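J.: Okay, so here is final.cif, and as you'll see once you scroll down, it has mmCIF, C-alpha atoms.
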```cif
data_work
loop_
_atom_site.label_atom_id
_atom_site.label_comp_id
_atom_site.auth_asym_id
_atom_site.auth_seq_id
_atom_site.Cartn_x
_atom_site.Cartn_y
_atom_site.Cartn_z
CA MET A 1 0.00 0.00 0.00
CA ILE A 2 2.66 2.56 1.07
CA SER A 3 6.36 2.40 0.28
CA ILE A 4 8.63 5.17 1.55
CA GLN A 5 12.24 5.11 0.40
CA ASN A 6 15.08 7.36 1.63
CA LEU A 7 12.67 10.21 2.36
CA LYS A 8 14.31 13.43 3.45
CA LYS A 9 13.06 16.90 4.39
CA VAL A 10 15.43 19.77 5.13
CA PHE A 11 14.16 23.17 6.30
CA THR A 12 16.22 26.34 6.40
CA LEU A 13 16.05 28.32 9.61
CA ASP A 14 18.13 31.48 9.98
CA LYS A 15 20.17 30.34 6.96
CA SER A 16 20.98 27.05 8.70
CA PRO A 17 19.71 23.66 7.44
CA ILE A 18 17.42 21.70 9.79
CA THR A 19 16.83 18.05 8.85
CA ALA A 20 13.31 17.13 10.03
CA VAL A 21 13.10 13.77 8.24
CA ASP A 22 16.38 12.00 7.60
CA SER A 23 16.71 9.26 4.92
CA LEU A 24 13.61 7.46 6.21
CA SER A 25 12.38 4.19 4.68
CA LEU A 26 9.16 2.43 5.68
CA GLU A 27 6.64 -0.10 4.32
CA ILE A 28 2.98 0.01 5.44
CA LYS A 29 0.53 -2.73 4.53
CA GLU A 30 -2.92 -2.19 3.09
CA GLY A 31 -5.69 -2.24 5.70
CA GLU A 32 -3.49 -2.00 8.79
CA ILE A 33 -3.48 0.59 11.55
CA PHE A 34 0.12 1.74 11.67
CA GLY A 35 1.43 3.91 14.48
CA VAL A 36 4.30 6.39 14.34
CA ILE A 37 5.44 7.53 17.77
CA GLY A 38 8.03 10.02 18.89
CA TYR A 39 8.56 12.97 21.20
CA SER A 40 8.07 16.56 20.08
CA GLY A 41 10.59 17.44 17.39
CA ALA A 42 11.12 13.84 16.24
CA GLY A 43 9.82 14.66 12.75
CA LYS A 44 6.61 12.63 12.83
CA SER A 45 4.24 15.49 11.90
CA THR A 46 6.54 16.49 9.06
CA LEU A 47 6.45 12.88 7.86
CA VAL A 48 2.66 12.83 7.72
CA ARG A 49 2.59 16.14 5.83
CA LEU A 50 5.08 14.76 3.32
CA LEU A 51 2.80 11.79 2.65
CA ASN A 52 0.06 13.98 1.18
CA ARG A 53 2.47 16.58 -0.23
CA LEU A 54 1.47 19.37 2.15
CA GLU A 55 5.25 19.53 2.47
CA GLU A 56 7.58 19.01 -0.46
CA PRO A 57 10.29 16.37 0.16
CA SER A 58 13.91 17.33 -0.27
CA ASP A 59 14.75 13.82 -1.49
CA GLY A 60 13.39 10.28 -1.67
CA SER A 61 10.15 8.72 -2.89
CA ILE A 62 6.64 8.03 -1.58
CA ILE A 63 4.50 5.45 -3.35
CA ILE A 64 0.86 5.18 -2.23
CA ASP A 65 -1.38 2.60 -3.88
CA GLY A 66 0.93 2.41 -6.89
CA LYS A 67 1.19 6.19 -7.37
CA GLU A 68 4.51 7.91 -6.80
CA MET A 69 3.33 10.96 -4.89
CA THR A 70 6.66 12.76 -5.22
CA LYS A 71 6.29 12.95 -9.03
CA LEU A 72 2.62 14.01 -9.27
CA LYS A 73 1.66 17.55 -10.23
CA GLY A 74 -1.45 19.59 -10.93
CA LYS A 75 -4.69 17.67 -11.53
CA LYS A 76 -3.12 14.25 -10.90
CA LEU A 77 -1.81 15.40 -7.51
CA ARG A 78 -5.23 16.83 -6.57
CA GLN A 79 -6.89 13.54 -7.53
CA ALA A 80 -4.36 11.53 -5.53
CA ARG A 81 -4.91 13.76 -2.50
CA GLN A 82 -8.64 13.00 -2.62
CA GLU A 83 -7.74 9.39 -1.79
CA ILE A 84 -5.97 10.54 1.39
CA GLY A 85 -8.07 11.77 4.33
CA MET A 86 -6.53 13.66 7.25
CA ILE A 87 -7.65 14.51 10.78
CA PHE A 88 -5.90 16.95 13.07
CA GLN A 89 -5.22 17.57 16.75
CA HIS A 90 -7.27 20.78 16.86
CA PHE A 91 -10.04 19.61 14.50
CA ASN A 92 -9.61 22.41 11.87
CA LEU A 93 -13.38 22.79 11.42
CA LEU A 94 -15.06 25.72 9.69
CA TRP A 95 -16.72 27.51 12.62
CA SER A 96 -19.38 29.21 10.49
CA ARG A 97 -20.61 25.86 9.15
CA THR A 98 -22.81 23.24 10.79
CA THR A 99 -21.83 19.59 11.25
CA GLU A 100 -23.38 18.55 7.94
CA GLU A 101 -21.94 21.57 6.12
CA ASN A 102 -18.43 20.83 7.41
CA ILE A 103 -18.69 17.23 6.26
CA ALA A 104 -20.06 18.30 2.87
CA PHE A 105 -17.22 20.77 2.24
CA PRO A 106 -14.81 18.36 0.45
CA LEU A 107 -17.73 17.02 -1.60
CA GLU A 108 -18.54 20.57 -2.74
CA ILE A 109 -14.91 21.09 -3.79
CA ALA A 110 -14.99 17.80 -5.72
CA GLY A 111 -18.14 18.92 -7.58
CA VAL A 112 -20.41 16.18 -6.24
CA PRO A 113 -24.12 16.87 -6.99
CA LYS A 114 -26.21 18.18 -4.07
CA THR A 115 -28.46 15.11 -3.87
CA GLU A 116 -25.42 12.79 -3.63
CA GLN A 117 -23.81 15.12 -1.11
CA LYS A 118 -26.83 14.93 1.18
CA LYS A 119 -26.96 11.14 1.07
CA LYS A 120 -23.22 10.76 1.67
CA VAL A 121 -23.18 13.25 4.53
CA GLN A 122 -26.00 11.45 6.34
CA GLU A 123 -24.24 8.09 5.92
CA LEU A 124 -21.09 9.54 7.48
CA ILE A 125 -22.99 11.23 10.32
CA ASP A 126 -24.53 7.87 11.20
CA LEU A 127 -21.15 6.12 10.88
CA VAL A 128 -19.36 8.42 13.33
CA GLY A 129 -22.23 8.59 15.82
CA LEU A 130 -23.42 12.18 15.33
CA THR A 131 -27.05 11.50 14.47
CA GLY A 132 -29.13 14.36 15.83
CA ARG A 133 -26.24 16.86 15.72
CA GLU A 134 -26.47 17.63 11.99
CA LYS A 135 -27.43 21.31 12.49
CA ALA A 136 -25.01 22.02 15.36
CA TYR A 137 -22.14 24.45 14.94
CA PRO A 138 -18.64 23.55 16.24
CA SER A 139 -19.09 25.90 19.22
CA GLN A 140 -22.06 23.74 20.28
CA LEU A 141 -20.10 20.47 20.16
CA SER A 142 -17.81 18.77 22.68
CA GLY A 143 -14.19 18.02 21.80
CA GLY A 144 -15.02 14.41 20.96
CA GLN A 145 -17.94 15.45 18.77
CA LYS A 146 -15.75 17.97 16.93
CA GLN A 147 -13.22 15.22 16.22
CA ARG A 148 -16.03 12.97 14.96
CA VAL A 149 -16.98 15.73 12.51
CA GLY A 150 -13.32 15.89 11.46
CA ILE A 151 -13.24 12.13 10.90
CA ALA A 152 -16.47 12.18 8.89
CA ARG A 153 -15.15 15.05 6.75
CA ALA A 154 -11.91 13.14 6.14
CA LEU A 155 -13.95 10.14 4.93
CA ALA A 156 -16.19 12.16 2.59
CA ASN A 157 -14.25 11.35 -0.61
CA ASP A 158 -13.94 7.63 0.21
CA PRO A 159 -10.17 7.75 0.82
CA LYS A 160 -8.00 4.65 0.84
CA LEU A 161 -5.69 6.13 3.47
CA LEU A 162 -6.50 8.07 6.65
CA LEU A 163 -3.76 10.16 8.28
CA CYS A 164 -4.27 11.03 11.96
CA ASP A 165 -1.89 13.69 13.27
CA GLU A 166 -2.11 13.69 17.09
CA ALA A 167 -5.86 13.20 16.65
CA THR A 168 -6.54 12.49 20.33
CA SER A 169 -3.97 14.73 22.04
CA ALA A 170 -6.51 17.48 22.82
CA LEU A 171 -9.06 15.06 24.29
CA ASP A 172 -9.64 13.67 27.78
CA PRO A 173 -8.90 9.94 28.38
CA GLU A 174 -12.52 8.75 28.12
CA THR A 175 -13.14 10.69 24.90
CA THR A 176 -9.79 9.49 23.54
CA ASN A 177 -10.86 5.88 24.02
CA SER A 178 -14.17 6.48 22.24
CA ILE A 179 -12.39 8.08 19.25
CA LEU A 180 -9.87 5.22 19.10
CA ASP A 181 -12.74 2.70 19.17
CA LEU A 182 -14.33 4.62 16.31
CA LEU A 183 -11.11 4.45 14.26
CA VAL A 184 -10.92 0.68 14.78
CA ASP A 185 -14.57 0.38 13.70
CA ILE A 186 -13.90 2.44 10.56
CA ASN A 187 -10.80 0.40 9.79
CA GLN A 188 -12.79 -2.84 10.02
CA LYS A 189 -15.91 -1.65 8.18
CA LEU A 190 -14.19 0.22 5.36
CA GLY A 191 -10.90 -1.68 5.13
CA LEU A 192 -9.17 1.67 5.43
CA THR A 193 -5.41 1.95 5.99
CA ILE A 194 -4.77 4.27 8.95
CA ILE A 195 -1.50 5.96 9.92
CA LEU A 196 -1.62 7.28 13.46
CA ILE A 197 0.92 9.91 14.53
CA THR A 198 1.20 10.29 18.31
CA HIS A 199 3.48 10.82 21.30
CA GLU A 200 1.25 8.63 23.51
CA MET A 201 2.17 4.96 23.76
CA HIS A 202 -1.22 3.96 25.20
CA VAL A 203 -2.77 5.06 21.88
CA ILE A 204 -0.38 2.76 20.01
CA ARG A 205 -1.09 -0.05 22.47
CA LYS A 206 -4.85 0.22 22.11
CA ILE A 207 -5.40 0.12 18.35
CA CYS A 208 -2.22 -0.24 16.26
CA ASP A 209 -1.05 -3.40 14.49
CA ARG A 210 2.52 -2.21 13.98
CA VAL A 211 4.55 0.76 15.17
CA ALA A 212 7.57 2.78 14.11
CA VAL A 213 9.51 4.80 16.69
CA MET A 214 10.98 8.09 15.45
CA GLU A 215 13.87 10.03 16.92
CA LYS A 216 15.71 12.97 15.33
CA GLY A 217 14.04 12.41 11.97
CA LYS A 218 14.89 8.71 11.75
CA ILE A 219 13.03 5.45 12.35
CA VAL A 220 15.00 3.85 15.17
CA GLU A 221 12.75 0.82 15.77
CA THR A 222 9.77 -0.79 14.07
CA GLY A 223 7.71 -3.93 14.42
CA ASN A 224 4.58 -5.64 15.64
CA VAL A 225 3.19 -3.70 18.64
CA LEU A 226 3.25 -6.73 20.94
CA ASP A 227 6.85 -7.53 19.98
CA VAL A 228 7.97 -3.93 20.52
CA PHE A 229 6.21 -3.79 23.89
CA SER A 230 7.63 -7.11 25.06
CA ASN A 231 11.17 -6.53 23.85
CA PRO A 232 11.95 -2.83 23.22
CA GLU A 233 15.48 -2.43 21.87
CA GLN A 234 16.16 1.31 21.83
CA PRO A 235 16.32 3.52 24.96
CA ILE A 236 13.58 5.81 23.62
CA THR A 237 11.29 2.82 22.98
CA LYS A 238 11.90 1.54 26.50
CA LYS A 239 10.82 4.95 27.85
CA PHE A 240 7.57 4.83 25.91
CA VAL A 241 6.84 1.27 27.03
CA GLU A 242 7.58 2.13 30.66
CA GLN A 243 4.97 4.92 30.47
CA VAL A 244 2.27 2.38 29.66
CA MET A 245 3.46 -0.51 31.80
CA ALA A 246 3.94 1.58 34.95
CA ASN A 247 1.16 0.92 37.45
CA PRO A 248 -0.76 4.20 37.97
CA ASP A 249 -2.06 2.97 41.32
CA VAL A 250 1.44 2.67 42.75
CA GLU A 251 3.12 6.04 43.27
CA GLU A 252 6.48 4.74 44.34
CA SER A 253 9.09 3.74 41.80
CA VAL A 254 10.39 0.17 41.83
CA ALA A 255 13.51 1.44 43.61
CA ASP A 256 11.39 2.99 46.35
CA ILE A 257 9.38 -0.19 46.75
CA LEU A 258 12.53 -2.32 47.00
CA ASN A 259 13.81 -0.12 49.82
CA ASN A 260 10.98 -1.58 51.89
CA VAL A 261 11.63 -5.18 50.82
CA LYS A 262 13.93 -7.20 53.05
CA LYS A 263 17.15 -8.25 51.36
CA HIS A 264 16.60 -11.96 50.83
CA GLY A 265 16.80 -14.11 47.71
CA LYS A 266 16.35 -12.51 44.30
CA VAL A 267 14.02 -9.83 42.97
CA LEU A 268 12.95 -10.49 39.38
CA ARG A 269 10.91 -8.73 36.74
CA LEU A 270 8.90 -11.19 34.64
CA HIS A 271 7.67 -10.24 31.17
CA PHE A 272 4.98 -12.53 29.81
CA LEU A 273 2.85 -12.69 26.67
CA GLY A 274 -0.54 -14.19 26.04
CA ALA A 275 -3.66 -14.67 28.10
CA PHE A 276 -2.38 -17.40 30.42
CA ALA A 277 -2.75 -16.62 34.11
CA ASN A 278 0.57 -15.46 35.55
CA GLU A 279 -0.74 -16.20 39.04
CA ALA A 280 -1.13 -19.85 38.06
CA LEU A 281 2.51 -19.90 36.98
CA ILE A 282 3.64 -18.45 40.32
CA SER A 283 1.49 -21.00 42.14
CA GLU A 284 3.07 -23.79 40.09
CA VAL A 285 6.56 -22.54 40.97
CA SER A 286 5.73 -22.62 44.70
CA LYS A 287 4.47 -26.22 44.40
CA LYS A 288 7.42 -27.54 42.40
CA PHE A 289 10.30 -25.81 44.16
CA SER A 290 11.27 -25.02 47.75
CA VAL A 291 11.05 -21.27 47.31
CA ASP A 292 8.78 -18.59 48.70
CA THR A 293 7.54 -16.23 45.98
CA ASN A 294 6.25 -12.80 46.95
CA ILE A 295 4.51 -10.63 44.34
CA ILE A 296 5.71 -7.03 44.73
CA GLN A 297 4.10 -5.30 41.75
CA GLY A 298 2.31 -6.24 38.54
CA LYS A 299 0.57 -4.86 35.46
CA ILE A 300 -1.30 -6.48 32.58
CA THR A 301 -2.07 -4.51 29.42
CA GLN A 302 -4.00 -5.40 26.27
CA THR A 303 -2.72 -4.70 22.74
CA GLN A 304 -4.38 -5.37 19.40
CA ASN A 305 -2.14 -8.43 19.08
CA GLY A 306 -2.61 -9.91 22.55
CA VAL A 307 -1.92 -9.55 26.25
CA LEU A 308 1.36 -8.28 27.68
CA GLY A 309 2.18 -8.33 31.38
CA THR A 310 4.97 -7.54 33.81
CA LEU A 311 5.32 -8.90 37.31
CA ILE A 312 7.96 -8.02 39.91
CA VAL A 313 8.49 -10.87 42.36
CA GLN A 314 10.88 -11.77 45.17
CA MET A 315 12.08 -15.38 45.44
CA VAL A 316 13.43 -16.48 48.81
CA GLY A 317 15.08 -19.84 49.42
CA ASN A 318 18.07 -22.00 48.61
CA LYS A 319 20.14 -20.49 45.78
CA ALA A 320 20.04 -23.71 43.73
CA GLU A 321 16.25 -23.97 44.13
CA ILE A 322 15.81 -20.37 43.04
CA GLU A 323 17.84 -21.06 39.89
CA LYS A 324 15.68 -24.12 39.13
CA ALA A 325 12.55 -22.02 39.58
CA ILE A 326 13.91 -19.30 37.26
CA ASN A 327 14.74 -21.89 34.57
CA PHE A 328 11.22 -23.32 34.91
CA ILE A 329 9.73 -19.86 34.36
CA LYS A 330 11.95 -19.26 31.32
CA GLU A 331 10.82 -22.58 29.83
CA ALA A 332 7.26 -21.23 30.03
CA SER A 333 8.33 -18.53 27.49
CA VAL A 334 8.48 -15.84 30.16
CA GLU A 335 11.35 -13.35 29.97
CA VAL A 336 13.15 -13.02 33.31
CA GLU A 337 15.09 -9.89 34.28
CA LEU A 338 17.17 -9.82 37.46
CA ILE A 339 16.59 -6.61 39.42
CA ARG A 340 18.39 -7.43 42.67
CA ASP A 341 20.39 -10.39 43.94
CA ASP A 342 20.62 -10.86 47.72
CA THR A 343 21.45 -14.59 47.74
#
```
Just give me the structure of the file as structure tokens.
T.:
Amino acid sequence: MISIQNLKKVFTLDKSPITAVDSLSLEIKEGEIFGVIGYSGAGKSTLVRLLNRLEEPSDGSIIIDGKEMTKLKGKKLRQARQEIGMIFQHFNLLWSRTTEENIAFPLEIAGVPKTEQKKKVQELIDLVGLTGREKAYPSQLSGGQKQRVGIARALANDPKLLLCDEATSALDPETTNSILDLLVDINQKLGLTIILITHEMHVIRKICDRVAVMEKGKIVETGNVLDVFSNPEQPITKKFVEQVMANPDVEESVADILNNVKKHGKVLRLHFLGAFANEALISEVSKKFSVDTNIIQGKITQTQNGVLGTLIVQMVGNKAEIEKAINFIKEASVEVELIRDDT
């Protein structure tokens, strides 16, 4: 669906070159929800604007659905852009237009007859859950409703690709979840390819199939979301994963917690995949080996590809028995990380 090769964008600021996107290459499959995550200044918003030629690339190529976007001009570029919808962080609605008039705007520009416009607009209003709010102006809508209008407008020309640039960053957590659920629903119903630009790892966790991590204009890590969560390789990726996997109900850091744990045995962090019950594994360890296992902290999180969990435990007992227990856990396809050794 999308092939990006050696893409580069250099801006000039005060006569000095600033490389926002640096020799970036990426493949995105048709019909997937693909996340691009990075901190402010990583180049992710520039990347998304290059995809639909709102920014002109300095070098490289972008092929979307067989069309090389970097070579298109005039009418052909305008036609190609109609197949790419975009939603924004701050909605970008026309404040003097109602819900239905905002959604109809791209259809008007495309020259669609009024009768077809009306039918299409109502279909989209129903799809995004705004039935009954057709005549409302943006000032009369909540943040989530405004974003639903933005999504409906982006879908008006039946695009094959939907670009979401920090689409949930201005929303509260509950509204964010409802918008993300809507995007998944649209992806499934319409078979739409979605590229989601964000700095929030919980957004990636909730709906994305694959993710690319950006830093200083480059892709530093990419892969299946579950794989990236379970085995992050780059320091920046580990930071993002820690944000999601940290337990919000526990204020103390692991180091603070361990200060209150007596120095016996070993303290381990267990990373496990899949829906099997980690508590059953711990129970099995206690039955098979002469060790006492104390659960210190744990978190389970759901991704589109499956369940990922972390558990911090203390094992107390004979050193040889602890090693046997650790090997048993590893054989159950659980990654074991040693945090502290007091044996």
J.: Given the choices A:Glu331, A:Asp227, A:Asp126, A:Glu321, which gets closest to Leu182 (chain A) if the distance is worked out from all atoms listed in the file?
T.: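 Using all atoms listed in the file, Leu182 (chain A) sits closest to A:Asp126.
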J.: Can you list, as a PyMOL selection string, the residues that the PyMOL selection byres ((chain A and resi 322) around 10) selects here?
T.: chain A and resi 265-266+285+289-293+315-321+323-328+343
J.: To test your reading of the syntax: which residues would the PyMOL selection byres ((chain A and resi 104) around 8) return for the file shown? Reply as a PyMOL selection string.
T.: chain A and resi 100-103+105-108+117-118+121+153+156
J.: Hey, can you check how far CA of Leu141 (chain A) sits from CA of Thr98 (chain A)?
T.: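 Rounded to one decimal, the two atoms are 10.1 Å apart.
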J.: So what does the PyMOL selection byres ((chain A and resi 206) around 8) actually pick up in this one, as JSON, numbers by chain?
T.: {"A": [180, 202, 203, 204, 205, 207, 208, 302, 303, 304]}
J.: Tell me which of A:Thr222, A:Thr46, A:Ser139, A:Thr176 sits closest to Leu94 (chain A), counting all atoms listed in the file.
T.: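 The closest residue to Leu94 (chain A) is A:Ser139.
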J.: Measuring between all atoms listed in the file, which one of A:Asn260, A:Asn157, A:Thr175, A:Ser286 shows the shortest distance to Val112 (chain A)?
T.: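 When distances to Val112 (chain A) are compared using all atoms listed in the file, the smallest one comes from A:Asn157.
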J.: Kindly output region 152-171 of chain A as a PDB file, in the coordinates of the input, after building N, CA, C and O atoms.
T.:
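That gives us out-v9.pdb:
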```
ATOM      1  N   ALA A 152     -15.471  12.323   9.955  1.00  0.00           N
ATOM      2  CA  ALA A 152     -16.470  12.180   8.890  1.00  0.00           C
ATOM      3  C   ALA A 152     -16.074  12.983   7.655  1.00  0.00           C
ATOM      4  O   ALA A 152     -16.195  12.505   6.515  1.00  0.00           O
ATOM      5  N   ARG A 153     -15.593  14.213   7.875  1.00  0.00           N
ATOM      6  CA  ARG A 153     -15.150  15.050   6.750  1.00  0.00           C
ATOM      7  C   ARG A 153     -13.992  14.402   6.009  1.00  0.00           C
ATOM      8  O   ARG A 153     -13.941  14.409   4.774  1.00  0.00           O
ATOM      9  N   ALA A 154     -13.066  13.795   6.763  1.00  0.00           N
ATOM     10  CA  ALA A 154     -11.910  13.140   6.140  1.00  0.00           C
ATOM     11  C   ALA A 154     -12.316  11.928   5.315  1.00  0.00           C
ATOM     12  O   ALA A 154     -11.594  11.533   4.391  1.00  0.00           O
ATOM     13  N   LEU A 155     -13.478  11.344   5.631  1.00  0.00           N
ATOM     14  CA  LEU A 155     -13.950  10.140   4.930  1.00  0.00           C
ATOM     15  C   LEU A 155     -14.862  10.477   3.748  1.00  0.00           C
ATOM     16  O   LEU A 155     -15.277   9.576   3.014  1.00  0.00           O
ATOM     17  N   ALA A 156     -15.173  11.759   3.562  1.00  0.00           N
ATOM     18  CA  ALA A 156     -16.190  12.160   2.590  1.00  0.00           C
ATOM     19  C   ALA A 156     -15.883  11.687   1.159  1.00  0.00           C
ATOM     20  O   ALA A 156     -16.783  11.273   0.424  1.00  0.00           O
ATOM     21  N   ASN A 157     -14.625  11.727   0.765  1.00  0.00           N
ATOM     22  CA  ASN A 157     -14.250  11.350  -0.610  1.00  0.00           C
ATOM     23  C   ASN A 157     -13.842   9.886  -0.744  1.00  0.00           C
ATOM     24  O   ASN A 157     -13.173   9.513  -1.709  1.00  0.00           O
ATOM     25  N   ASP A 158     -14.261   9.071   0.231  1.00  0.00           N
ATOM     26  CA  ASP A 158     -13.940   7.630   0.210  1.00  0.00           C
ATOM     27  C   ASP A 158     -12.437   7.375   0.047  1.00  0.00           C
ATOM     28  O   ASP A 158     -12.003   6.699  -0.890  1.00  0.00           O
ATOM     29  N   PRO A 159     -11.631   7.928   0.945  1.00  0.00           N
ATOM     30  CA  PRO A 159     -10.170   7.750   0.820  1.00  0.00           C
ATOM     31  C   PRO A 159      -9.759   6.312   1.076  1.00  0.00           C
ATOM     32  O   PRO A 159     -10.472   5.557   1.732  1.00  0.00           O
ATOM     33  N   LYS A 160      -8.585   5.964   0.569  1.00  0.00           N
ATOM     34  CA  LYS A 160      -8.000   4.650   0.840  1.00  0.00           C
ATOM     35  C   LYS A 160      -7.060   4.698   2.042  1.00  0.00           C
ATOM     36  O   LYS A 160      -6.722   3.671   2.615  1.00  0.00           O
ATOM     37  N   LEU A 161      -6.642   5.927   2.383  1.00  0.00           N
ATOM     38  CA  LEU A 161      -5.690   6.130   3.470  1.00  0.00           C
ATOM     39  C   LEU A 161      -6.187   7.261   4.367  1.00  0.00           C
ATOM     40  O   LEU A 161      -6.629   8.298   3.873  1.00  0.00           O
ATOM     41  N   LEU A 162      -6.130   7.043   5.688  1.00  0.00           N
ATOM     42  CA  LEU A 162      -6.500   8.070   6.650  1.00  0.00           C
ATOM     43  C   LEU A 162      -5.290   8.410   7.508  1.00  0.00           C
ATOM     44  O   LEU A 162      -4.727   7.542   8.172  1.00  0.00           O
ATOM     45  N   LEU A 163      -4.881   9.680   7.483  1.00  0.00           N
ATOM     46  CA  LEU A 163      -3.760  10.160   8.280  1.00  0.00           C
ATOM     47  C   LEU A 163      -4.301  10.847   9.533  1.00  0.00           C
ATOM     48  O   LEU A 163      -5.154  11.733   9.430  1.00  0.00           O
ATOM     49  N   CYS A 164      -3.808  10.452  10.695  1.00  0.00           N
ATOM     50  CA  CYS A 164      -4.270  11.030  11.960  1.00  0.00           C
ATOM     51  C   CYS A 164      -3.072  11.658  12.666  1.00  0.00           C
ATOM     52  O   CYS A 164      -2.217  10.946  13.188  1.00  0.00           O
ATOM     53  N   ASP A 165      -3.027  12.982  12.672  1.00  0.00           N
ATOM     54  CA  ASP A 165      -1.890  13.690  13.270  1.00  0.00           C
ATOM     55  C   ASP A 165      -2.260  14.153  14.670  1.00  0.00           C
ATOM     56  O   ASP A 165      -2.926  15.171  14.845  1.00  0.00           O
ATOM     57  N   GLU A 166      -1.827  13.385  15.687  1.00  0.00           N
ATOM     58  CA  GLU A 166      -2.110  13.690  17.090  1.00  0.00           C
ATOM     59  C   GLU A 166      -3.620  13.905  17.305  1.00  0.00           C
ATOM     60  O   GLU A 166      -4.058  14.813  18.009  1.00  0.00           O
ATOM     61  N   ALA A 167      -4.417  13.015  16.701  1.00  0.00           N
ATOM     62  CA  ALA A 167      -5.860  13.200  16.650  1.00  0.00           C
ATOM     63  C   ALA A 167      -6.554  13.147  17.998  1.00  0.00           C
ATOM     64  O   ALA A 167      -7.692  13.608  18.136  1.00  0.00           O
ATOM     65  N   THR A 168      -5.902  12.593  19.022  1.00  0.00           N
ATOM     66  CA  THR A 168      -6.540  12.490  20.330  1.00  0.00           C
ATOM     67  C   THR A 168      -5.824  13.307  21.414  1.00  0.00           C
ATOM     68  O   THR A 168      -6.227  13.270  22.578  1.00  0.00           O
ATOM     69  N   SER A 169      -4.801  14.043  21.038  1.00  0.00           N
ATOM     70  CA  SER A 169      -3.970  14.730  22.040  1.00  0.00           C
ATOM     71  C   SER A 169      -4.729  15.829  22.785  1.00  0.00           C
ATOM     72  O   SER A 169      -4.371  16.178  23.911  1.00  0.00           O
ATOM     73  N   ALA A 170      -5.765  16.402  22.175  1.00  0.00           N
ATOM     74  CA  ALA A 170      -6.510  17.480  22.820  1.00  0.00           C
ATOM     75  C   ALA A 170      -7.733  16.969  23.579  1.00  0.00           C
ATOM     76  O   ALA A 170      -8.538  17.773  24.061  1.00  0.00           O
ATOM     77  N   LEU A 171      -7.862  15.651  23.701  1.00  0.00           N
ATOM     78  CA  LEU A 171      -9.060  15.060  24.290  1.00  0.00           C
ATOM     79  C   LEU A 171      -8.768  14.427  25.654  1.00  0.00           C
ATOM     80  O   LEU A 171      -7.646  14.005  25.924  1.00  0.00           O
TER      81      LEU A 171
END
```
